[in-house]
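To keep things clear, I will list the structure first and then write my remarks on it.
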Amino acid sequence: MPGLLCLQGGREFTPGCVEMDRAVLALAPTPVTAIIAGAARIGADYDGAVSRARRHYERLGAEVVAVPDPRVDISGALASLDAEIGLIVLPGGSPGGLLDVLTGVATAAVGERLLELHRAGVAVSGASAGAMVMCSRLIRADGDGDIVSGLALAEGLALPHWSPGVGRWPTPDDATVWGLPECGGVTIDVDDVSAIGQGEPSVRRDGVWSPVPRPTA
C-alpha cells in the first residue's frame, strides 16, 4: 500500500511546524527520515537546508539520513535511500529546481527511487516547493508560470503560503487545487484526506473552495 503523503504550505522546520511534523513522523513506518533538499541550489544552500532539517527532525526523535545532493553525487544519493527509511522530506525552495533534480536525465533515478519507496509504504512530506512537486501538476514559479507535470503522488496542484481569498498564481479552472497555509497542510492516506497543523487548509474542486476536515477525536 502506498505511504502517507503530507503537503505543507511552508515555513518548514520552524516552531509552528513541530506538532504537525511530530504527527507525520509518528505515522511513518519507521522513524528513519531522509532529507532531499533538491529545491535548494548546489553547495551551501543544499547543505544548509539539510542541516536545518536534520536539527528539526532529530529534536522530534528521528534518525536522519542526509541524502547527498544528486547533482553532485548521484551514487551516494541512491545508496542512502534504502529500505530502512520511513519518511522522505522535500523542503522548499525552487519548484522547478526540485523537479529537475527528481526527473532530469542525470538524476532521475533518485525520483524513481522515491516513487518506488512510496509505493512500498514510505511516507513523503513536502513543504512549499516540495508539496508542489509531489502533485500531478505544478506551476514553475521560477520560470514563466508554466504548468507542467509533477510526480503525481497526489492529484491536483498545490498552492503554498496560502490563505483564503489570496492566490499567488492563476490556476486552471479544471484543476483540483490544494490551498496550503504556512505551518499547516493536508495528509493524504489513500482516499482519506485530513487537515493538519496550523491555519485552514482548503481544497478547490469543480471551482468551489471547501475547508479540508480535521480528524475527529
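Naming scheme: A, B, ... for chains in displayed order of the C-alpha cells; residues 1 onward per chain; ligands 1 onward as shown.
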
Considering only helix (DSSP H, G or I) as DSSP defines it on the backbone, what residues of segment 7-203 of chain A qualify? List them as a ChimeraX atom specification. /A:15-27,44-59,74-80,95-103,108-119,129-134

Using only C-alpha atoms, I'd like a table of the residues in segment 6-69 of chain A that come within 10 Å of segment 198-204 of chain A; for each, show the closest atom pair and its distance in Å rounded to one decimal, ordered by chain and ascending number, as a Markdown table.
| residue | atom | partner | partner_atom | distance |
| --- | --- | --- | --- | --- |
| A:Leu7 | CA | A:Pro201 | CA | 9.9 |
| A:Gln8 | CA | A:Pro201 | CA | 9.2 |
| A:Gly9 | CA | A:Pro201 | CA | 8.7 |
| A:Gly16 | CA | A:Gln198 | CA | 7.5 |
| A:Cys17 | CA | A:Gln198 | CA | 7.9 |
| A:Glu19 | CA | A:Gln198 | CA | 9.2 |
| A:Met20 | CA | A:Gln198 | CA | 8.1 |

Tell me, as number ranges by chain, which residues lie within 8 Å of segment 35-49 of chain A, counting only C-alpha atoms; anything in the same chain fewer than 4 positions away does not count. A: 53-54, 64-72, 88-99, 101-102, 129-130

Could I get the residues of segment 91-182 of chain A with an atom no further than 8 Å from an atom of segment 78-83 of chain A, each paired with its nearest atom pair and that distance in Å to one decimal, using only C-alpha atoms, sorted by chain and residue number, as JSON lines?
{"residue": "A:Ala109", "atom": "CA", "partner": "A:Leu78", "partner_atom": "CA", "distance": 7.5}
{"residue": "A:Val110", "atom": "CA", "partner": "A:Leu78", "partner_atom": "CA", "distance": 6.1}
{"residue": "A:Arg113", "atom": "CA", "partner": "A:Leu81", "partner_atom": "CA", "distance": 7.4}
{"residue": "A:Leu114", "atom": "CA", "partner": "A:Leu81", "partner_atom": "CA", "distance": 7.9}
{"residue": "A:Leu117", "atom": "CA", "partner": "A:Ala83", "partner_atom": "CA", "distance": 7.6}

Skipping near chain neighbours, those fewer than 6 positions away, what residues fall within 12 Å of Ala28 of chain A using only C-alpha atoms, listed as an mmCIF file with C-alpha atoms, in the first residue's frame?
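Result saved to part.cif:
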data_model
loop_
_atom_site.group_PDB
_atom_site.id
_atom_site.type_symbol
_atom_site.label_atom_id
_atom_site.label_comp_id
_atom_site.auth_asym_id
_atom_site.auth_seq_id
_atom_site.Cartn_x
_atom_site.Cartn_y
_atom_site.Cartn_z
ATOM 1 C CA PRO A 2 1.346 3.489 -0.783
ATOM 2 C CA GLY A 3 2.681 5.538 2.086
ATOM 3 C CA LEU A 4 1.161 8.601 3.716
ATOM 4 C CA LEU A 5 1.562 11.968 1.991
ATOM 5 C CA CYS A 6 1.805 15.344 3.698
ATOM 6 C CA ASP A 21 5.806 17.079 11.804
ATOM 7 C CA ARG A 22 5.726 15.035 15.006
ATOM 8 C CA ALA A 34 15.674 11.043 4.621
ATOM 9 C CA ALA A 62 14.002 10.843 14.143
ATOM 10 C CA GLU A 84 15.002 1.285 6.364
ATOM 11 C CA ILE A 85 13.627 4.727 5.534
ATOM 12 C CA GLY A 86 10.151 5.520 6.847
ATOM 13 C CA LEU A 87 9.807 9.170 5.807
ATOM 14 C CA ILE A 88 11.205 11.252 2.935
ATOM 15 C CA VAL A 89 11.203 15.035 3.400
ATOM 16 C CA HIS A 118 6.418 5.475 -1.596
ATOM 17 C CA ALA A 120 6.248 0.290 -0.750
ATOM 18 C CA GLY A 121 4.717 2.296 2.113
ATOM 19 C CA VAL A 122 7.259 5.048 2.862
ATOM 20 C CA ALA A 123 5.688 8.387 3.826
ATOM 21 C CA VAL A 124 6.598 11.542 1.897
ATOM 22 C CA SER A 125 6.286 15.078 3.275
ATOM 23 C CA THR A 187 -2.321 14.488 4.889
ATOM 24 C CA ASP A 189 -3.641 8.373 3.192
#

Given the choices A:Gly150, A:Thr30, A:Ile74, A:Val212, which gets closest to Ala131 of chain A if the distance is worked out from only C-alpha atoms?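 Of all the options, A:Gly150 lies closest to Ala131 of chain A.
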
Counting only C-alpha atoms, what is within 10 Å of Gly207 of chain A, bar same-chain residues fewer than 4 positions away, as a PDB file with C-alpha atoms, in the first residue's frame?
ATOM      1  CA  PRO A 172      -6.647  26.191 -14.443  1.00  0.00           C
ATOM      2  CA  ASP A 173     -10.401  26.047 -13.902  1.00  0.00           C
ATOM      3  CA  ASP A 174     -10.431  22.249 -14.195  1.00  0.00           C
ATOM      4  CA  ALA A 175      -7.678  21.630 -11.633  1.00  0.00           C
ATOM      5  CA  THR A 176      -8.055  20.303  -8.128  1.00  0.00           C
ATOM      6  CA  VAL A 177      -6.161  22.883  -6.082  1.00  0.00           C
ATOM      7  CA  VAL A 203      -9.261  22.306  -1.497  1.00  0.00           C
TER       8      VAL A 203
END

Sel. of strand (DSSP E or B) residues, chain A, as a PyMOL selection string: chain A and resi 5-8+32-35+63-66+87-90+123-127+135-139+147-149+154-159+163+166+177-179+184-189+192-197+202-205+208-211

When distances are computed from only C-alpha atoms, which of A:Gly10, A:Gly61, A:Gly185, A:Gly179 shows the smallest separation from Val32 of chain A? A:Gly61

Using Å and a single decimal, report how far atom CA of Leu157 of chain A sits from atom CA of Leu138 of chain A.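 Between atom CA of Leu138 of chain A and atom CA of Leu157 of chain A the gap is 5.6 Å.
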
Option closest in space to Gly111 of chain A, from A:Ala127, A:Val186, A:Ser136, A:Ala77 [counting only C-alpha atoms]: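 That would be A:Ala77, the residue with the smallest distance to Gly111 of chain A.
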
When distances are computed from only C-alpha atoms, which of A:Ser194, A:Arg205, A:Ile188, A:Asp100 shows the smallest separation from Gly156 of chain A? A:Arg205

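What separates atom CA of Leu115 of chain A from atom CA of Asp206 of chain A is a distance of 28.2 Å.
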
Of the residues A:Pro29, A:Ile147, A:Glu12, A:Ala106, which is the one nearest to Arg52 of chain A, using only C-alpha atoms?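 Using only C-alpha atoms, Arg52 of chain A sits closest to A:Glu12.
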
Restricting the calculation to only C-alpha atoms, which member of A:Ser210, A:Thr216, A:Ser149, A:Thr33 is positioned closest to Val50 of chain A? A:Thr33
